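Raw target.csv, CSV, C-alpha atoms:
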chain,number,residue,atom,x,y,z
A,1,MET,CA,15.3,22.0,5.2
A,2,LYS,CA,13.9,21.4,8.7
A,3,THR,CA,10.2,21.7,9.5
A,4,LYS,CA,7.9,20.0,12.0
A,5,VAL,CA,7.2,17.4,9.3
A,6,THR,CA,10.9,16.4,8.9
A,7,ASP,CA,11.2,16.2,12.6
A,8,ILE,CA,8.1,14.0,13.1
A,9,PHE,CA,8.8,11.6,10.3
A,10,GLY,CA,12.6,11.6,10.5
A,11,ILE,CA,13.1,12.7,6.9
A,12,LYS,CA,15.5,15.1,5.3
A,13,TYR,CA,13.1,17.0,3.1
A,14,PRO,CA,9.3,17.7,3.8
A,15,ILE,CA,8.2,16.0,0.6
A,16,ILE,CA,5.7,13.1,0.9
A,17,GLN,CA,4.7,10.8,-2.0
A,18,GLY,CA,1.0,10.3,-2.4
A,19,GLY,CA,-0.5,6.9,-2.0
A,20,LEU,CA,-1.0,6.3,-5.7
A,21,ALA,CA,-3.3,3.4,-6.0
A,22,TYR,CA,-2.0,0.7,-8.3
A,23,LEU,CA,1.4,2.5,-8.6
A,24,GLY,CA,2.6,2.9,-5.1
A,25,TYR,CA,5.0,0.0,-5.0
A,26,ALA,CA,8.4,-0.6,-3.3
A,27,GLU,CA,10.5,0.7,-6.2
A,28,LEU,CA,9.0,4.2,-6.1
A,29,ALA,CA,8.5,4.4,-2.4
A,30,SER,CA,12.1,3.4,-1.6
A,31,ALA,CA,13.4,5.9,-4.3
A,32,VAL,CA,11.5,8.8,-2.7
A,33,SER,CA,12.7,7.8,0.8
A,34,ASN,CA,16.3,7.4,-0.4
A,35,ALA,CA,16.2,10.9,-1.9
A,36,GLY,CA,15.2,12.4,1.4
A,37,GLY,CA,11.4,12.4,1.3
A,38,LEU,CA,8.8,9.9,2.6
A,39,GLY,CA,7.8,7.3,0.0
A,40,GLN,CA,4.7,5.2,0.4
A,41,ILE,CA,3.3,1.8,-0.8
A,42,THR,CA,-0.5,1.4,-1.0
A,43,THR,CA,-2.7,-1.3,0.4
A,44,ALA,CA,-5.2,-0.6,-2.3
A,45,THR,CA,-3.0,-2.4,-4.8
A,46,LEU,CA,-1.7,-5.2,-2.6
A,47,ARG,CA,-5.0,-6.3,-1.1
A,48,THR,CA,-3.9,-9.5,0.7
A,49,PRO,CA,-1.9,-9.7,4.0
A,50,GLU,CA,0.7,-11.8,2.3
A,51,ASN,CA,1.3,-9.4,-0.5
A,52,PHE,CA,1.3,-6.5,1.8
A,53,ARG,CA,3.9,-8.0,4.2
A,54,SER,CA,6.1,-9.0,1.3
A,55,GLU,CA,6.0,-5.4,-0.2
A,56,ILE,CA,6.8,-3.9,3.2
A,57,ARG,CA,9.9,-6.1,3.5
A,58,LYS,CA,10.9,-5.3,-0.1
A,59,VAL,CA,10.9,-1.6,0.7
A,60,ARG,CA,13.1,-2.3,3.7
A,61,LYS,CA,15.6,-4.2,1.4
A,62,LEU,CA,15.7,-1.1,-0.8
A,63,THR,CA,16.0,1.6,1.8
A,64,ASP,CA,16.9,2.1,5.4
A,65,LYS,CA,15.0,5.3,5.5
A,66,PRO,CA,11.5,6.0,6.9
A,67,PHE,CA,8.6,5.1,4.6
A,68,GLY,CA,4.8,5.0,4.8
A,69,VAL,CA,1.9,2.8,3.8
A,70,ASN,CA,-1.4,4.2,2.5
A,71,PHE,CA,-4.8,3.0,3.5
A,72,ALA,CA,-7.5,4.2,1.1
A,73,ILE,CA,-10.1,2.8,3.5
A,74,ALA,CA,-13.2,3.5,1.4
A,75,LYS,CA,-12.0,0.9,-1.1
A,76,TYR,CA,-12.4,-1.9,1.5
A,77,ASN,CA,-15.9,-1.4,2.7
A,78,GLY,CA,-14.5,-1.6,6.3
A,79,GLN,CA,-12.5,-4.8,5.6
A,80,TYR,CA,-9.0,-3.5,6.1
A,81,GLU,CA,-8.4,-4.6,9.7
A,82,GLU,CA,-6.2,-7.6,8.7
A,83,LEU,CA,-3.9,-5.4,6.6
A,84,LEU,CA,-3.7,-2.9,9.4
A,85,GLU,CA,-2.6,-5.6,11.8
A,86,VAL,CA,0.2,-6.5,9.3
A,87,ALA,CA,1.3,-2.8,9.3
A,88,ILE,CA,1.5,-2.9,13.1
A,89,GLU,CA,3.3,-6.2,13.2
A,90,GLU,CA,5.9,-4.9,10.8
A,91,GLN,CA,6.2,-1.6,12.7
A,92,VAL,CA,5.9,0.5,9.6
A,93,PRO,CA,7.2,4.1,10.3
A,94,ALA,CA,4.1,5.9,9.1
A,95,ILE,CA,0.5,5.3,7.9
A,96,SER,CA,-1.5,7.7,5.8
A,97,ILE,CA,-5.3,7.5,5.7
A,98,THR,CA,-7.4,8.6,2.8
A,99,GLY,CA,-11.0,8.2,1.5
A,100,GLY,CA,-13.0,7.7,4.7
A,101,ASN,CA,-13.4,8.1,8.4
A,102,PRO,CA,-9.9,7.8,9.9
A,103,GLN,CA,-10.9,7.4,13.5
A,104,PRO,CA,-10.8,3.5,13.7
A,105,VAL,CA,-7.3,3.4,12.2
A,106,LEU,CA,-6.0,6.2,14.4
A,107,LYS,CA,-7.5,4.5,17.5
A,108,ARG,CA,-6.0,1.2,16.6
A,109,VAL,CA,-2.4,2.5,16.0
A,110,ASN,CA,-2.5,4.8,19.1
A,111,GLY,CA,0.6,3.9,21.2
A,112,GLU,CA,2.2,1.8,18.5
A,113,ASN,CA,5.0,4.3,17.6
A,114,ILE,CA,3.6,4.7,14.1
A,115,LYS,CA,3.2,8.2,12.8
A,116,THR,CA,-0.1,9.1,11.1
A,117,LEU,CA,-1.3,11.4,8.3
A,118,VAL,CA,-4.9,12.0,7.3
A,119,LEU,CA,-6.0,13.4,3.9
A,120,VAL,CA,-8.6,16.2,4.1
A,121,SER,CA,-10.1,18.8,1.8
A,122,GLY,CA,-11.7,21.2,4.2
A,123,VAL,CA,-11.4,22.8,7.7
A,124,ARG,CA,-14.0,20.6,9.4
A,125,HIS,CA,-12.4,17.3,8.4
A,126,ALA,CA,-9.0,18.7,9.4
A,127,GLN,CA,-10.3,19.5,12.9
A,128,LYS,CA,-11.8,16.1,13.2
A,129,ALA,CA,-8.5,14.4,12.2
A,130,GLU,CA,-6.7,16.5,14.8
A,131,GLN,CA,-9.3,15.5,17.4
A,132,PHE,CA,-8.9,11.8,16.5
A,133,GLY,CA,-5.1,12.0,17.1
A,134,ALA,CA,-3.5,12.4,13.7
A,135,ASP,CA,0.2,13.5,13.7
A,136,ALA,CA,-0.2,15.6,10.5
A,137,ILE,CA,-2.8,16.5,7.9
A,138,MET,CA,-2.5,16.3,4.2
A,139,ALA,CA,-4.8,19.0,2.7
A,140,VAL,CA,-5.6,18.6,-1.0
A,141,GLY,CA,-6.9,21.5,-3.1
A,142,GLN,CA,-9.0,21.4,-6.2
A,143,GLU,CA,-6.0,21.2,-8.5
A,144,GLY,CA,-5.0,17.8,-7.3
A,145,GLY,CA,-5.2,14.5,-9.3
A,146,GLY,CA,-7.4,11.6,-8.1
A,147,HIS,CA,-10.1,12.2,-5.5
A,148,ILE,CA,-10.5,15.7,-4.4
A,149,GLY,CA,-12.9,17.7,-2.2
A,150,ARG,CA,-16.5,18.5,-3.1
A,151,ASP,CA,-16.3,22.2,-2.4
A,152,ASP,CA,-14.0,23.4,-5.3
A,153,ILE,CA,-11.5,25.1,-3.0
A,154,GLY,CA,-8.1,25.7,-4.5
A,155,THR,CA,-4.9,25.0,-2.6
A,156,MET,CA,-3.9,28.6,-2.3
A,157,VAL,CA,-7.0,29.3,-0.1
A,158,LEU,CA,-7.3,25.9,1.5
A,159,ILE,CA,-3.9,25.7,3.1
A,160,PRO,CA,-4.0,29.0,5.2
A,161,ARG,CA,-7.6,28.3,6.1
A,162,ILE,CA,-6.7,24.9,7.6
A,163,VAL,CA,-3.5,26.3,9.1
A,164,ASP,CA,-5.5,28.9,11.0
A,165,HIS,CA,-7.8,26.2,12.5
A,166,VAL,CA,-5.6,23.3,13.6
A,167,SER,CA,-2.4,23.1,15.6
A,168,ILE,CA,-0.8,20.0,14.1
A,169,PRO,CA,1.4,20.3,11.0
A,170,ILE,CA,-0.2,20.6,7.5
A,171,LEU,CA,1.1,19.2,4.3
A,172,ALA,CA,-0.1,20.9,1.1
A,173,ALA,CA,-1.3,18.9,-1.8
A,174,GLY,CA,-2.8,19.7,-5.2
A,175,GLY,CA,-1.0,21.5,-8.0
A,176,ILE,CA,2.4,21.1,-6.5
A,177,GLY,CA,5.3,19.5,-8.4
A,178,ASP,CA,8.4,21.6,-8.2
A,179,GLY,CA,10.5,23.8,-5.9
A,180,ARG,CA,8.3,26.8,-6.5
A,181,GLY,CA,5.3,24.9,-5.2
A,182,LEU,CA,7.2,23.7,-2.2
A,183,LEU,CA,8.3,27.2,-1.3
A,184,ALA,CA,4.7,28.6,-1.9
A,185,ALA,CA,3.3,25.9,0.4
A,186,ILE,CA,5.8,26.8,3.2
A,187,SER,CA,4.9,30.5,2.7
A,188,LEU,CA,1.2,29.6,3.2
A,189,GLY,CA,2.0,28.0,6.6
A,190,ALA,CA,2.3,24.4,5.5
A,191,GLU,CA,5.2,22.3,6.9
A,192,GLY,CA,5.7,20.4,3.7
A,193,ILE,CA,4.0,19.0,0.6
A,194,VAL,CA,2.5,15.9,-0.8
A,195,MET,CA,3.0,15.0,-4.5
A,196,GLY,CA,1.2,12.4,-6.5
A,197,THR,CA,1.0,13.1,-10.2
A,198,ARG,CA,4.6,14.4,-10.4
A,199,PHE,CA,6.0,11.2,-8.9
A,200,ILE,CA,4.2,9.1,-11.6
A,201,ALA,CA,6.3,10.9,-14.2
A,202,THR,CA,9.5,9.5,-12.8
A,203,GLN,CA,11.8,6.7,-13.9
A,204,GLU,CA,11.2,4.7,-10.7
A,205,CYS,CA,7.4,4.6,-11.2
A,206,VAL,CA,8.0,1.4,-13.1
A,207,HIS,CA,4.4,0.1,-13.1
A,208,ALA,CA,3.1,3.1,-15.0
A,209,ASN,CA,2.7,2.4,-18.7
A,210,GLU,CA,4.9,4.6,-20.9
A,211,LYS,CA,1.8,5.8,-22.8
A,212,TYR,CA,0.4,7.1,-19.5
A,213,LYS,CA,3.6,8.8,-18.6
A,214,SER,CA,3.8,10.3,-22.1
A,215,ALA,CA,0.3,11.7,-21.8
A,216,LEU,CA,1.3,13.4,-18.5
A,217,LEU,CA,4.4,14.9,-20.2
A,218,GLN,CA,2.5,16.1,-23.3
A,219,ALA,CA,-0.6,17.5,-21.7
A,220,ASN,CA,-1.1,21.0,-20.3
A,221,GLU,CA,-3.0,22.3,-17.3
A,222,THR,CA,-6.3,22.5,-19.2
A,223,ASP,CA,-6.1,18.8,-20.1
A,224,THR,CA,-7.9,17.3,-17.1
A,225,VAL,CA,-11.5,17.0,-16.2
A,226,ILE,CA,-13.5,16.0,-13.1
A,227,ILE,CA,-15.5,12.8,-13.1
A,228,LYS,CA,-17.9,11.3,-10.5
A,229,LYS,CA,-19.0,14.8,-9.4
A,230,THR,CA,-22.7,13.8,-9.5
A,231,LEU,CA,-21.9,10.7,-7.5
A,232,GLY,CA,-20.5,12.8,-4.6
A,233,ALA,CA,-16.9,11.5,-5.1
A,234,PRO,CA,-15.2,13.9,-7.6
A,235,GLY,CA,-11.9,12.9,-9.0
A,236,ARG,CA,-9.6,14.6,-11.5
A,237,VAL,CA,-8.4,12.6,-14.5
A,238,LEU,CA,-6.7,13.2,-17.9
A,239,LYS,CA,-9.1,14.5,-20.4
A,240,THR,CA,-9.9,11.7,-22.9
A,241,ASN,CA,-12.9,10.7,-24.9
A,242,TYR,CA,-13.5,8.0,-22.3
A,243,ALA,CA,-13.5,10.5,-19.5
A,244,LEU,CA,-15.8,12.9,-21.4
A,245,ASP,CA,-18.1,10.0,-22.1
A,246,ILE,CA,-18.4,9.4,-18.3
A,247,ILE,CA,-19.2,13.1,-17.7
A,248,GLU,CA,-21.8,13.1,-20.5
A,249,ARG,CA,-23.5,10.0,-18.9
A,250,GLU,CA,-23.5,11.8,-15.6
A,251,SER,CA,-25.2,14.8,-17.1
A,252,LYS,CA,-27.9,12.5,-18.3
A,253,GLY,CA,-28.5,11.1,-14.8
A,254,ALA,CA,-26.4,8.0,-14.8
A,255,THR,CA,-26.2,6.4,-11.4
A,256,TYR,CA,-23.2,4.6,-9.7
A,257,GLU,CA,-24.6,1.3,-10.9
A,258,ASN,CA,-24.7,2.6,-14.5
A,259,LEU,CA,-21.1,3.8,-14.3
A,260,LYS,CA,-19.4,1.4,-11.9
A,261,ASP,CA,-17.6,-0.5,-14.6
A,262,MET,CA,-16.4,2.7,-16.3
A,263,ILE,CA,-15.0,4.2,-13.1
A,264,SER,CA,-13.7,1.0,-11.4
A,265,GLY,CA,-10.1,0.1,-10.5
A,266,LYS,CA,-10.0,-2.2,-13.4
A,267,SER,CA,-10.8,0.8,-15.7
A,268,ASN,CA,-8.0,2.7,-14.1
A,269,CYS,CA,-5.6,-0.2,-14.6
A,270,ARG,CA,-6.6,-0.5,-18.3
A,271,TYR,CA,-5.0,2.9,-18.9
A,272,ILE,CA,-2.2,3.1,-16.4
A,273,TYR,CA,-1.0,-0.5,-16.9
A,274,ASP,CA,-2.0,-1.3,-20.4
A,275,GLY,CA,-1.9,2.2,-22.0
A,276,ASN,CA,-5.5,1.9,-23.2
A,277,ALA,CA,-6.9,5.4,-23.0
A,278,GLU,CA,-9.9,4.4,-25.0
A,279,GLU,CA,-11.2,2.1,-22.3
A,280,GLY,CA,-9.8,3.5,-19.1
A,281,ILE,CA,-9.2,6.5,-16.8
A,282,GLY,CA,-5.9,7.9,-15.7
A,283,TRP,CA,-5.8,10.1,-12.6
A,284,ALA,CA,-3.9,13.4,-13.0
A,285,GLY,CA,-3.7,16.8,-11.5
A,286,GLN,CA,-3.4,20.2,-13.1
A,287,ILE,CA,0.4,20.1,-12.3
A,288,ILE,CA,0.7,18.2,-15.6
A,289,GLY,CA,1.1,21.7,-17.1
A,290,LEU,CA,4.5,22.0,-15.4
A,291,ILE,CA,5.8,18.5,-16.2
A,292,ASN,CA,8.3,18.5,-19.0
A,293,ASN,CA,10.6,15.5,-18.2
A,294,ILE,CA,10.8,12.0,-16.7
A,295,PRO,CA,13.7,12.3,-14.3
A,296,THR,CA,14.8,9.9,-11.6
A,297,VAL,CA,13.3,10.6,-8.2
A,298,GLN,CA,16.7,11.8,-6.9
A,299,GLU,CA,17.0,14.2,-9.8
A,300,LEU,CA,13.5,15.5,-9.2
A,301,ILE,CA,13.9,16.1,-5.5
A,302,SER,CA,17.4,17.6,-5.9
A,303,GLU,CA,16.1,20.1,-8.5
A,304,MET,CA,13.1,20.9,-6.3
A,305,ILE,CA,15.3,21.8,-3.3
A,306,GLN,CA,17.7,23.9,-5.5
A,307,THR,CA,14.7,25.8,-7.0
A,308,ALA,CA,13.2,26.4,-3.6
A,309,ASN,CA,16.5,27.7,-2.3
A,310,GLN,CA,16.8,30.0,-5.3
A,311,GLY,CA,13.3,31.2,-4.7
A,312,MET,CA,14.0,31.9,-1.1
A,313,GLU,CA,17.1,34.0,-2.1
A,314,ARG,CA,14.9,36.0,-4.5
A,315,MET,CA,12.3,36.6,-1.7
A,316,GLU,CA,15.0,37.6,0.7
A,317,SER,CA,16.4,40.1,-1.8
A,318,ILE,CA,13.0,41.6,-2.4
A,319,ILE,CA,12.2,41.9,1.3
A,320,GLY,CA,15.7,43.2,2.0
A,321,ARG,CA,15.4,45.9,-0.6
A,322,ARG,CA,12.1,47.0,0.9
A,323,VAL,CA,13.6,47.1,4.5
A,324,ASP,CA,16.6,49.1,3.3
A,325,SER,CA,14.4,51.6,1.6
Could you write out this file's structure as structure tokens?
Amino acid sequence: MKTKVTDIFGIKYPIIQGGLAYLGYAELASAVSNAGGLGQITTATLRTPENFRSEIRKVRKLTDKPFGVNFAIAKYNGQYEELLEVAIEEQVPAISITGGNPQPVLKRVNGENIKTLVLVSGVRHAQKAEQFGADAIMAVGQEGGGHIGRDDIGTMVLIPRIVDHVSIPILAAGGIGDGRGLLAAISLGAEGIVMGTRFIATQECVHANEKYKSALLQANETDTVIIKKTLGAPGRVLKTNYALDIIERESKGATYENLKDMISGKSNCRYIYDGNAEEGIGWAGQIIGLINNIPTVQELISEMIQTANQGMERMESIIGRRVDS
């Protein structure tokens, strides 16, 4: 499966693992890369230059394939430069940038032979990312887990809108977790996909608590809600009493200061690490409605490619019948 994305990043399949704060470690990243995709570790978890450098080197012990590192730059209040220098020193193959202005990162890595991806949720931000020099764009629709755009635009509309307005490759994200989603994304003009929630529900996502994985497995597509919408930073999480309490407080005018403990990284960790759904949040996209097993990453990606190929054969048979008629 060759696309512009496989060519740029030197990977077999155009499947990118999302950054996954607190879950994007070497075990998962290397498994995705070994299976033909592009795995990522996340600086949002590692925090210190020493930890970050150690995790990069751990990935390299587990795979000889390309991988990426994610910078969720809004989480650092501008204090990510030291970590960025580590990424450059270690010559990581790729850097993805989420949650803020990507320009300073893109400017610093220019000329360093590091490929770059920028997460956007609308046309204007995609155009800016291209202008700043990104190699590819990750476009996330409303269905996605974690932080999403403010405009409630679904993936099906968002991808062709952005494809029509930029010239660099687009990766579709949001509501994608199987081969059908991969094929649909390609059909919309994307050059590949980004998956977050689906990769959490795999055996190599070893840091995710089994209660969290079980919740992803048992839930359906209606079992997520959006928190922090009134704060201007909407994010999709599993529907729990805790999440509904946050929404209720927002409806009554709660400010960031009122809610910061409930929506913090520590709150996230209480659920995803400790399995405490009563006192924490668990990010999840609507794709949970299509998750029905906890495979290895290799099994997941192999099945996706097989399903995509079967879907292509079906499309070709339909188009062929119409041409013949």
Determine, counting only C-alpha atoms, which protein, DNA and RNA residues have an atom within 7 Å of an atom of A:Gln203; residues of the same chain fewer than 4 positions away are not included. Present the result as a PDB file with C-alpha atoms, in the coordinates of the input.
ATOM      1  CA  ILE A 294      10.800  12.000 -16.700  1.00  0.00           C
ATOM      2  CA  PRO A 295      13.700  12.300 -14.300  1.00  0.00           C
ATOM      3  CA  THR A 296      14.800   9.900 -11.600  1.00  0.00           C
TER       4      THR A 296
END
Here's a test: counting only C-alpha atoms, identify every protein, DNA and RNA residue with an atom at most 9 Å from (6.3, 5.9, 3.6) in the file's coordinate frame, and state them as a PDB file with C-alpha atoms, in the coordinates of the input.
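Resulting contents of point38.pdb:
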ATOM      1  CA  ILE A  16       5.700  13.100   0.900  1.00  0.00           C
ATOM      2  CA  GLN A  17       4.700  10.800  -2.000  1.00  0.00           C
ATOM      3  CA  GLY A  19      -0.500   6.900  -2.000  1.00  0.00           C
ATOM      4  CA  ALA A  29       8.500   4.400  -2.400  1.00  0.00           C
ATOM      5  CA  SER A  30      12.100   3.400  -1.600  1.00  0.00           C
ATOM      6  CA  VAL A  32      11.500   8.800  -2.700  1.00  0.00           C
ATOM      7  CA  SER A  33      12.700   7.800   0.800  1.00  0.00           C
ATOM      8  CA  GLY A  37      11.400  12.400   1.300  1.00  0.00           C
ATOM      9  CA  LEU A  38       8.800   9.900   2.600  1.00  0.00           C
ATOM     10  CA  GLY A  39       7.800   7.300   0.000  1.00  0.00           C
ATOM     11  CA  GLN A  40       4.700   5.200   0.400  1.00  0.00           C
ATOM     12  CA  ILE A  41       3.300   1.800  -0.800  1.00  0.00           C
ATOM     13  CA  LYS A  65      15.000   5.300   5.500  1.00  0.00           C
ATOM     14  CA  PRO A  66      11.500   6.000   6.900  1.00  0.00           C
ATOM     15  CA  PHE A  67       8.600   5.100   4.600  1.00  0.00           C
ATOM     16  CA  GLY A  68       4.800   5.000   4.800  1.00  0.00           C
ATOM     17  CA  VAL A  69       1.900   2.800   3.800  1.00  0.00           C
ATOM     18  CA  ASN A  70      -1.400   4.200   2.500  1.00  0.00           C
ATOM     19  CA  VAL A  92       5.900   0.500   9.600  1.00  0.00           C
ATOM     20  CA  PRO A  93       7.200   4.100  10.300  1.00  0.00           C
ATOM     21  CA  ALA A  94       4.100   5.900   9.100  1.00  0.00           C
ATOM     22  CA  ILE A  95       0.500   5.300   7.900  1.00  0.00           C
ATOM     23  CA  SER A  96      -1.500   7.700   5.800  1.00  0.00           C
TER      24      SER A  96
END
task = Considering all atoms listed in the file, return as a ChimeraX atom specification whatever protein or nucleic-acid residues lie within 6 Å of stretch 272-274 of chain A, sequence-local ones (same chain, fewer than 6 positions apart) excluded.
result = /A:208-209,212
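If you measure from each of A:Ile97, A:Leu117, A:Leu28, A:Ala190 to A:Phe9 using only C-alpha atoms, the closest one turns out to be A:Leu117.
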Given all atoms listed in the file, how would the per-residue table for stretch 106-193 of chain A near stretch 217-239 of chain A read, listing every residue at most 9 Å away with its closest atom pair and distance in Å to one decimal, sorted by chain and number, as a Markdown table?
| residue | atom | partner | partner_atom | distance |
| --- | --- | --- | --- | --- |
| A:Gln142 | CA | A:Arg236 | CA | 8.6 |
| A:Glu143 | CA | A:Arg236 | CA | 8.1 |
| A:Gly144 | CA | A:Arg236 | CA | 7.0 |
| A:Gly145 | CA | A:Arg236 | CA | 4.9 |
| A:Gly146 | CA | A:Gly235 | CA | 4.8 |
| A:His147 | CA | A:Gly235 | CA | 4.0 |
| A:Ile148 | CA | A:Gly235 | CA | 5.6 |
| A:Gly149 | CA | A:Pro234 | CA | 7.0 |
| A:Arg150 | CA | A:Pro234 | CA | 6.6 |
